[in-house]
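Asker: One file: run20.cif (mmCIF, C-alpha atoms).
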data_final
loop_
_atom_site.label_atom_id
_atom_site.label_comp_id
_atom_site.auth_asym_id
_atom_site.auth_seq_id
_atom_site.Cartn_x
_atom_site.Cartn_y
_atom_site.Cartn_z
CA MET A 1 6.49 28.71 -54.55
CA ASP A 2 5.73 28.43 -58.26
CA ILE A 3 5.46 24.71 -59.08
CA LYS A 4 5.65 23.44 -62.64
CA ARG A 5 2.83 20.91 -62.99
CA LYS A 6 1.80 18.63 -65.81
CA ASN A 7 -1.98 18.81 -65.37
CA THR A 8 -2.54 21.25 -62.49
CA ALA A 9 -4.58 18.53 -60.78
CA GLU A 10 -6.46 19.62 -57.69
CA HIS A 11 -6.08 16.27 -55.97
CA LEU A 12 -2.43 16.91 -55.02
CA ARG A 13 -1.89 19.85 -52.69
CA PHE A 14 1.14 21.68 -51.31
CA ASP A 15 0.98 23.23 -47.87
CA GLU A 16 3.78 25.76 -47.50
CA THR A 17 2.50 26.95 -44.13
CA LYS A 18 3.88 23.94 -42.26
CA LYS A 19 7.31 23.97 -40.67
CA VAL A 20 7.97 20.96 -42.88
CA PRO A 21 5.97 21.68 -46.06
CA LEU A 22 4.19 18.60 -47.40
CA LEU A 23 2.63 17.51 -50.67
CA THR A 24 -0.54 15.53 -49.90
CA PHE A 25 -3.27 13.74 -51.84
CA ASP A 26 -6.90 14.57 -51.06
CA ALA A 27 -7.91 10.90 -51.34
CA LEU A 28 -5.66 10.03 -48.39
CA SER A 29 -6.10 13.27 -46.43
CA GLU A 30 -9.83 12.59 -46.33
CA CYS A 31 -9.29 9.16 -44.71
CA ASP A 32 -9.61 8.72 -40.98
CA GLY A 33 -6.88 6.84 -39.18
CA ILE A 34 -3.85 7.79 -41.23
CA ARG A 35 -1.47 10.64 -41.97
CA HIS A 36 0.72 10.93 -45.03
CA GLY A 37 2.90 13.36 -46.90
CA PHE A 38 5.66 13.76 -49.46
CA THR A 39 8.42 16.09 -48.36
CA THR A 40 10.24 18.58 -50.55
CA ARG A 41 13.65 20.22 -50.28
CA LEU A 42 12.12 22.74 -47.86
CA GLY A 43 12.02 22.73 -44.08
CA GLY A 44 15.36 21.22 -43.06
CA ILE A 45 18.79 22.43 -41.99
CA SER A 46 21.10 20.84 -44.58
CA SER A 47 23.01 23.18 -46.87
CA GLY A 48 24.70 23.34 -50.25
CA ILE A 49 23.62 20.63 -52.68
CA PHE A 50 21.61 19.03 -49.83
CA GLU A 51 19.54 22.11 -49.09
CA SER A 52 17.61 21.70 -46.97
CA LEU A 53 15.57 18.61 -46.01
CA ASN A 54 17.87 15.72 -46.96
CA PHE A 55 17.33 12.32 -45.36
CA LYS A 56 20.35 10.39 -46.63
CA LYS A 57 23.58 9.89 -44.73
CA GLY A 58 26.95 8.94 -46.16
CA ILE A 59 26.78 11.17 -49.24
CA GLY A 60 28.46 14.29 -47.85
CA ASP A 61 25.79 15.79 -45.61
CA SER A 62 26.49 15.66 -41.88
CA ASP A 63 24.82 12.99 -39.78
CA GLU A 64 23.72 15.72 -37.37
CA ASN A 65 21.86 17.54 -40.14
CA VAL A 66 20.09 14.38 -41.29
CA ASP A 67 19.16 13.48 -37.70
CA GLU A 68 17.62 16.92 -37.22
CA ASN A 69 15.74 16.60 -40.51
CA PHE A 70 14.27 13.31 -39.32
CA ARG A 71 13.38 14.92 -35.99
CA ARG A 72 11.51 17.68 -37.81
CA VAL A 73 9.47 15.36 -39.98
CA ALA A 74 8.69 13.20 -36.94
CA GLU A 75 7.44 16.29 -35.11
CA GLU A 76 5.22 17.13 -38.08
CA PHE A 77 3.62 13.68 -37.76
CA GLY A 78 3.24 13.97 -34.00
CA ILE A 79 5.80 11.34 -33.08
CA THR A 80 9.48 11.09 -32.20
CA PRO A 81 12.28 9.75 -34.45
CA GLU A 82 12.18 6.50 -32.46
CA HIS A 83 8.94 5.70 -34.32
CA ILE A 84 10.28 6.14 -37.86
CA VAL A 85 11.00 3.05 -39.96
CA ILE A 86 13.16 3.32 -43.08
CA THR A 87 14.02 1.20 -46.09
CA HIS A 88 17.44 -0.02 -47.21
CA GLN A 89 16.98 0.77 -50.88
CA THR A 90 18.98 -1.15 -53.46
CA HIS A 91 16.45 -1.17 -56.34
CA THR A 92 15.02 -4.55 -55.37
CA SER A 93 11.39 -5.65 -55.22
CA ASN A 94 11.80 -6.94 -51.65
CA VAL A 95 9.09 -6.03 -49.14
CA ARG A 96 9.47 -6.19 -45.36
CA VAL A 97 6.62 -6.66 -42.88
CA ILE A 98 7.20 -4.09 -40.15
CA THR A 99 6.47 -4.69 -36.47
CA GLU A 100 7.03 -2.65 -33.32
CA GLU A 101 10.48 -4.25 -33.07
CA ASP A 102 11.54 -2.29 -36.18
CA ALA A 103 10.75 1.13 -34.72
CA GLY A 104 13.62 3.57 -35.13
CA LYS A 105 15.85 1.24 -37.12
CA GLY A 106 18.18 3.23 -39.34
CA VAL A 107 17.26 6.47 -37.59
CA THR A 108 17.84 6.16 -33.84
CA ARG A 109 19.32 2.65 -33.77
CA PRO A 110 21.18 0.36 -36.17
CA LEU A 111 19.46 -1.02 -39.24
CA ASP A 112 19.65 -4.82 -39.13
CA TYR A 113 18.10 -5.60 -42.52
CA SER A 114 19.20 -4.85 -46.07
CA ASP A 115 17.93 -4.86 -49.64
CA VAL A 116 14.44 -3.68 -48.71
CA ASP A 117 12.63 -1.25 -51.03
CA GLY A 118 9.13 -1.77 -49.66
CA LEU A 119 7.47 -1.75 -46.23
CA VAL A 120 4.04 -2.76 -44.91
CA THR A 121 2.54 -2.64 -41.44
CA ASN A 122 -0.70 -2.68 -39.47
CA MET A 123 0.91 -1.16 -36.38
CA PRO A 124 -0.18 2.39 -35.44
CA LYS A 125 2.31 5.18 -34.72
CA LEU A 126 5.03 3.71 -36.95
CA LEU A 127 5.97 6.14 -39.70
CA LEU A 128 6.86 4.19 -42.84
CA SER A 129 9.28 6.03 -45.09
CA VAL A 130 10.83 5.63 -48.52
CA PHE A 131 13.22 8.02 -50.25
CA SER A 132 13.76 9.23 -53.79
CA ALA A 133 15.24 11.82 -56.09
CA ASP A 134 13.51 10.92 -59.41
CA CYS A 135 12.46 7.33 -58.65
CA VAL A 136 8.77 6.80 -57.90
CA PRO A 137 7.54 6.71 -54.29
CA VAL A 138 4.23 4.90 -53.86
CA ILE A 139 2.13 4.74 -50.70
CA PHE A 140 -0.80 2.42 -49.92
CA TYR A 141 -3.72 2.37 -47.49
CA ASP A 142 -6.31 -0.32 -46.88
CA PRO A 143 -9.11 1.43 -44.94
CA VAL A 144 -10.91 -1.87 -44.28
CA LYS A 145 -8.08 -3.92 -42.75
CA LYS A 146 -6.31 -0.82 -41.43
CA CYS A 147 -2.87 -1.45 -42.89
CA ILE A 148 -0.44 0.63 -44.94
CA GLY A 149 2.51 0.24 -47.26
CA ALA A 150 5.19 2.26 -49.00
CA CYS A 151 7.72 1.48 -51.70
CA HIS A 152 10.57 2.96 -53.70
CA SER A 153 10.03 2.13 -57.37
CA GLY A 154 12.97 2.96 -59.64
CA TRP A 155 13.06 1.47 -63.10
CA ARG A 156 14.27 -1.89 -61.80
CA GLY A 157 11.67 -2.03 -59.07
CA THR A 158 8.99 -0.89 -61.49
CA ALA A 159 9.93 -3.59 -64.00
CA ALA A 160 9.84 -6.13 -61.15
CA ARG A 161 6.39 -4.84 -60.08
CA ILE A 162 7.27 -3.91 -56.52
CA SER A 163 3.92 -2.12 -56.16
CA LYS A 164 2.13 -5.39 -56.90
CA LYS A 165 4.31 -7.12 -54.32
CA ILE A 166 3.25 -4.57 -51.71
CA ILE A 167 -0.40 -5.41 -52.42
CA GLU A 168 0.34 -9.14 -52.28
CA THR A 169 2.19 -8.77 -48.97
CA MET A 170 -0.71 -6.79 -47.47
CA THR A 171 -3.10 -9.49 -48.69
CA GLU A 172 -1.02 -12.35 -47.30
CA ASN A 173 -0.40 -10.76 -43.91
CA TYR A 174 -3.50 -8.69 -43.20
CA GLY A 175 -6.23 -10.12 -45.43
CA THR A 176 -6.34 -7.06 -47.68
CA SER A 177 -8.67 -7.09 -50.67
CA PRO A 178 -6.81 -5.22 -53.43
CA SER A 179 -10.02 -3.49 -54.52
CA ASP A 180 -10.16 -1.70 -51.15
CA VAL A 181 -6.66 -0.20 -51.37
CA ILE A 182 -6.07 3.49 -52.03
CA CYS A 183 -2.72 4.24 -53.70
CA ALA A 184 -0.80 7.45 -54.30
CA ILE A 185 2.04 7.74 -56.81
CA GLY A 186 4.23 10.56 -55.56
CA PRO A 187 6.36 13.26 -57.21
CA SER A 188 9.03 11.71 -59.41
CA ILE A 189 10.46 12.00 -62.90
CA CYS A 190 7.95 12.36 -65.73
CA ALA A 191 8.01 10.65 -69.11
CA ASP A 192 9.09 13.85 -70.87
CA CYS A 193 12.28 13.94 -68.78
CA TYR A 194 13.05 10.25 -68.41
CA GLU A 195 15.13 9.14 -71.35
CA ILE A 196 16.43 5.56 -71.25
CA SER A 197 18.67 3.36 -73.36
CA GLU A 198 17.43 0.60 -75.63
CA ASP A 199 18.52 -2.18 -73.25
CA VAL A 200 16.33 -0.76 -70.48
CA ALA A 201 13.46 -0.29 -72.93
CA ASP A 202 13.81 -3.96 -73.89
CA VAL A 203 13.20 -4.94 -70.26
CA PHE A 204 9.88 -3.10 -70.28
CA LYS A 205 8.91 -4.46 -73.69
CA HIS A 206 9.41 -7.94 -72.24
CA GLU A 207 7.63 -7.28 -68.94
CA PHE A 208 4.74 -5.20 -70.30
CA PRO A 209 4.24 -6.44 -73.88
CA ALA A 210 0.59 -5.39 -74.04
CA HIS A 211 1.38 -1.84 -72.93
CA THR A 212 4.51 -0.91 -74.88
CA ASP A 213 2.81 1.91 -76.78
CA GLU A 214 1.45 3.37 -73.54
CA ILE A 215 4.70 3.45 -71.57
CA LEU A 216 7.47 3.83 -74.18
CA LEU A 217 8.12 6.48 -76.81
CA ASP A 218 10.73 5.46 -79.39
CA LYS A 219 12.99 8.39 -80.30
CA HIS A 220 14.47 6.37 -83.19
CA ASN A 221 18.03 7.07 -82.08
CA GLY A 222 18.56 4.12 -79.76
CA HIS A 223 16.79 5.91 -76.90
CA PHE A 224 13.26 5.94 -75.51
CA GLN A 225 11.15 7.99 -73.12
CA LEU A 226 9.72 5.84 -70.32
CA ASP A 227 6.54 6.69 -68.44
CA LEU A 228 7.12 5.30 -64.95
CA TRP A 229 3.88 6.84 -63.64
CA LYS A 230 1.80 4.96 -66.19
CA THR A 231 3.75 1.75 -65.67
CA VAL A 232 3.12 1.82 -61.91
CA ASP A 233 -0.54 2.60 -62.61
CA ILE A 234 -0.78 -0.45 -64.89
CA THR A 235 0.94 -2.60 -62.26
CA LEU A 236 -1.52 -1.53 -59.57
CA GLU A 237 -4.48 -2.30 -61.79
CA GLU A 238 -2.96 -5.71 -62.56
CA ALA A 239 -2.78 -6.26 -58.79
CA GLY A 240 -6.51 -5.61 -58.46
CA VAL A 241 -6.55 -1.98 -57.34
CA LYS A 242 -9.49 -0.05 -58.76
CA ASN A 243 -8.53 2.64 -61.25
CA GLU A 244 -10.44 5.30 -59.34
CA ARG A 245 -8.40 4.50 -56.22
CA ILE A 246 -5.06 5.16 -57.94
CA HIS A 247 -3.97 8.78 -57.58
CA THR A 248 -1.02 9.92 -59.65
CA THR A 249 1.22 12.94 -59.24
CA ASP A 250 1.39 15.73 -61.77
CA ILE A 251 4.67 17.08 -60.38
CA CYS A 252 7.99 16.07 -61.96
CA THR A 253 11.11 16.17 -59.83
CA CYS A 254 13.35 16.98 -62.80
CA GLU A 255 11.20 19.96 -63.79
CA ASN A 256 11.14 21.36 -60.24
CA PRO A 257 14.77 21.18 -59.01
CA ASP A 258 14.33 24.09 -56.59
CA LEU A 259 11.45 22.30 -54.86
CA LEU A 260 12.51 18.65 -55.16
CA PHE A 261 15.74 16.71 -55.32
CA SER A 262 16.36 15.33 -58.81
CA HIS A 263 19.21 13.01 -59.71
CA ARG A 264 19.04 13.94 -63.38
CA ALA A 265 18.61 17.68 -62.95
CA SER A 266 21.55 17.83 -60.51
CA HIS A 267 23.74 15.31 -62.34
CA GLY A 268 23.81 13.21 -59.20
CA ARG A 269 24.75 16.00 -56.77
CA ARG A 270 21.76 15.95 -54.44
CA GLY A 271 20.00 14.62 -51.36
CA VAL A 272 16.72 12.70 -51.16
CA GLN A 273 13.18 13.58 -50.19
CA GLY A 274 10.83 11.27 -48.35
CA ALA A 275 7.39 9.73 -48.74
CA PHE A 276 5.74 9.04 -45.38
CA ILE A 277 2.60 7.27 -44.21
CA MET A 278 1.43 6.32 -40.71
CA LEU A 279 -1.57 4.75 -39.03
CA THR A 280 -2.68 7.09 -36.28
CA GLY A 281 -4.68 4.49 -34.41
CA GLY A 282 -7.96 6.35 -34.94
CA ASN A 283 -11.05 5.04 -36.71
#
Would you mind writing the file's structure down as structure tokens?
Answerer:
Amino acid sequence: MDIKRKNTAEHLRFDETKKVPLLTFDALSECDGIRHGFTTRLGGISSGIFESLNFKKGIGDSDENVDENFRRVAEEFGITPEHIVITHQTHTSNVRVITEEDAGKGVTRPLDYSDVDGLVTNMPKLLLSVFSADCVPVIFYDPVKKCIGACHSGWRGTAARISKKIIETMTENYGTSPSDVICAIGPSICADCYEISEDVADVFKHEFPAHTDEILLDKHNGHFQLDLWKTVDITLEEAGVKNERIHTTDICTCENPDLLFSHRASHGRRGVQGAFIMLTGGN
């Protein structure tokens, strides 16, 4: 498939040969002990506006289709759906520490937590997942303490620094040193496509006063372009992650609507793709 890319970076690869095609970052693929991947619209059984690998129920797709899509991604990671753990995304900055007791919640058994946009764990064979359709998915790996994280970072979560809260939660629970963490900012809406109103821009001016010129472009008509990728990058560096360990996408969801679900490109008529990371239990 022809992918429109911003920089044609070699560090982000797309493997179309898999039953469930995945976008992966070299920096994480080269690590022992984990598997990761960002799904696309390809490889599932959903149809119509949800074609084909949608992971969200309650928006018009059948539960049976979504269940099969989860089964397929689980198979790709060498597990069963009972080992997937999902978020309950409401644009918060809340992070949940995941244990074996959370396995399968929201996929094969009821979800008993809410308002959770970030997950961390040090348990192997639990597939952490977050979902998006323009918002920024971010995944985290500490190769020293052997723990992982994932978060959904829309504009509210980005302004609230959910990525920093993931790092803090890993530090508090597993003894992570932020400088050891490898982060990947997944496919999401780029600054060229993400136009916001002045009231949203004001939030970022307040939260990131030293970086306004880096993350906001004033269109002088009451609207701005917001660079979520750069803002998450700044947040991770603030949290102590080394710049060379932050790996950012060059693929915009809005510019690739045939490959990726995009809320803006579809005017809200869409499914969601997933960002997945799992400790394999190896070295």
Asker: Using all atoms listed in the file, tabulate the residues of range 22-75 of chain A lying at most 9 Å from any atom of range 183-205 of chain A, each with its closest atom pair and that distance in Å to one decimal, by chain and increasing residue number, as CSV.
Answerer:
residue,atom,partner,partner_atom,distance
A:Leu23,CA,A:Pro187,CA,8.6
A:Thr24,CA,A:Gly186,CA,8.9
A:Phe25,CA,A:Ala184,CA,7.2
A:Ala27,CA,A:Ala184,CA,8.4
A:Leu28,CA,A:Ala184,CA,8.1
A:Phe38,CA,A:Gly186,CA,7.0
Asker: Emit the selected residues as a PDB file, keeping the file's coordinate frame, including C-alpha atoms.
Answerer:
ATOM      1  CA  LEU A  23       2.630  17.510 -50.670  1.00  0.00           C
ATOM      2  CA  THR A  24      -0.540  15.530 -49.900  1.00  0.00           C
ATOM      3  CA  PHE A  25      -3.270  13.740 -51.840  1.00  0.00           C
ATOM      4  CA  ALA A  27      -7.910  10.900 -51.340  1.00  0.00           C
ATOM      5  CA  LEU A  28      -5.660  10.030 -48.390  1.00  0.00           C
ATOM      6  CA  PHE A  38       5.660  13.760 -49.460  1.00  0.00           C
TER       7      PHE A  38
END
Asker: Quick one: what's the axis-aligned box for range 174-180 of chain A, all listed atoms, 3 Å on every side, centre and edges in Å to one decimal, as JSON?
Answerer:
{"center_x": -6.8, "center_y": -5.9, "center_z": -48.9, "size_x": 12.7, "size_y": 14.4, "size_z": 17.3}
Asker: Evaluating the PyMOL selection byres ((chain A and resi 68) around 12) on the displayed file yields which residues, as a list in words?
Answerer: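 Residues picked by the PyMOL selection byres ((chain A and resi 68) around 12): Val20, Gly43, Gly44, Ile45, Ser46, Ser52, Leu53, Asn54, Phe55, Lys56, Lys57, Asp61, Ser62, Asp63, Glu64, Asn65, Val66, Asp67, Asn69, Phe70, Arg71, Arg72, Val73, Ala74, Glu75, Thr80, Pro81, Val107 and Thr108 of chain A.
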Asker: I need the residue nearest Ala210 in chain A from this list: A:Arg161, A:Asn173, A:Thr231, A:His152. Use only C-alpha atoms for the distance.
Answerer: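 Among the listed residues, the smallest separation from Ala210 in chain A belongs to A:Thr231.
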Asker: Nearest residue to Ile86 in chain A out of A:Pro178, A:Gly48, A:Cys31, A:Cys151, using all atoms listed in the file?
Answerer: A:Cys151
Asker: Going by the chain IDs and residue numbers used in this file, which residues fall under the PyMOL selection byres ((chain A and resi 135-139) around 9)? Write them as a PyMOL selection string.
Answerer: chain A and resi 36+38+130-134+140-141+148-155+158+163+182-189+228-229+232+262-263+274-277
Asker: Go through the shown structure with the PyMOL selection byres ((chain A and resi 278) around 7) and write out the matching residues as a PDB file with C-alpha atoms, keeping the file's coordinate frame.
Answerer:
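Printed below is out_29.pdb as written:
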ATOM      1  CA  ILE A  34      -3.850   7.790 -41.230  1.00  0.00           C
ATOM      2  CA  ARG A  35      -1.470  10.640 -41.970  1.00  0.00           C
ATOM      3  CA  HIS A  36       0.720  10.930 -45.030  1.00  0.00           C
ATOM      4  CA  PRO A 124      -0.180   2.390 -35.440  1.00  0.00           C
ATOM      5  CA  LYS A 125       2.310   5.180 -34.720  1.00  0.00           C
ATOM      6  CA  LEU A 126       5.030   3.710 -36.950  1.00  0.00           C
ATOM      7  CA  LEU A 127       5.970   6.140 -39.700  1.00  0.00           C
ATOM      8  CA  LEU A 128       6.860   4.190 -42.840  1.00  0.00           C
ATOM      9  CA  PHE A 276       5.740   9.040 -45.380  1.00  0.00           C
ATOM     10  CA  ILE A 277       2.600   7.270 -44.210  1.00  0.00           C
ATOM     11  CA  LEU A 279      -1.570   4.750 -39.030  1.00  0.00           C
ATOM     12  CA  THR A 280      -2.680   7.090 -36.280  1.00  0.00           C
TER      13      THR A 280
END
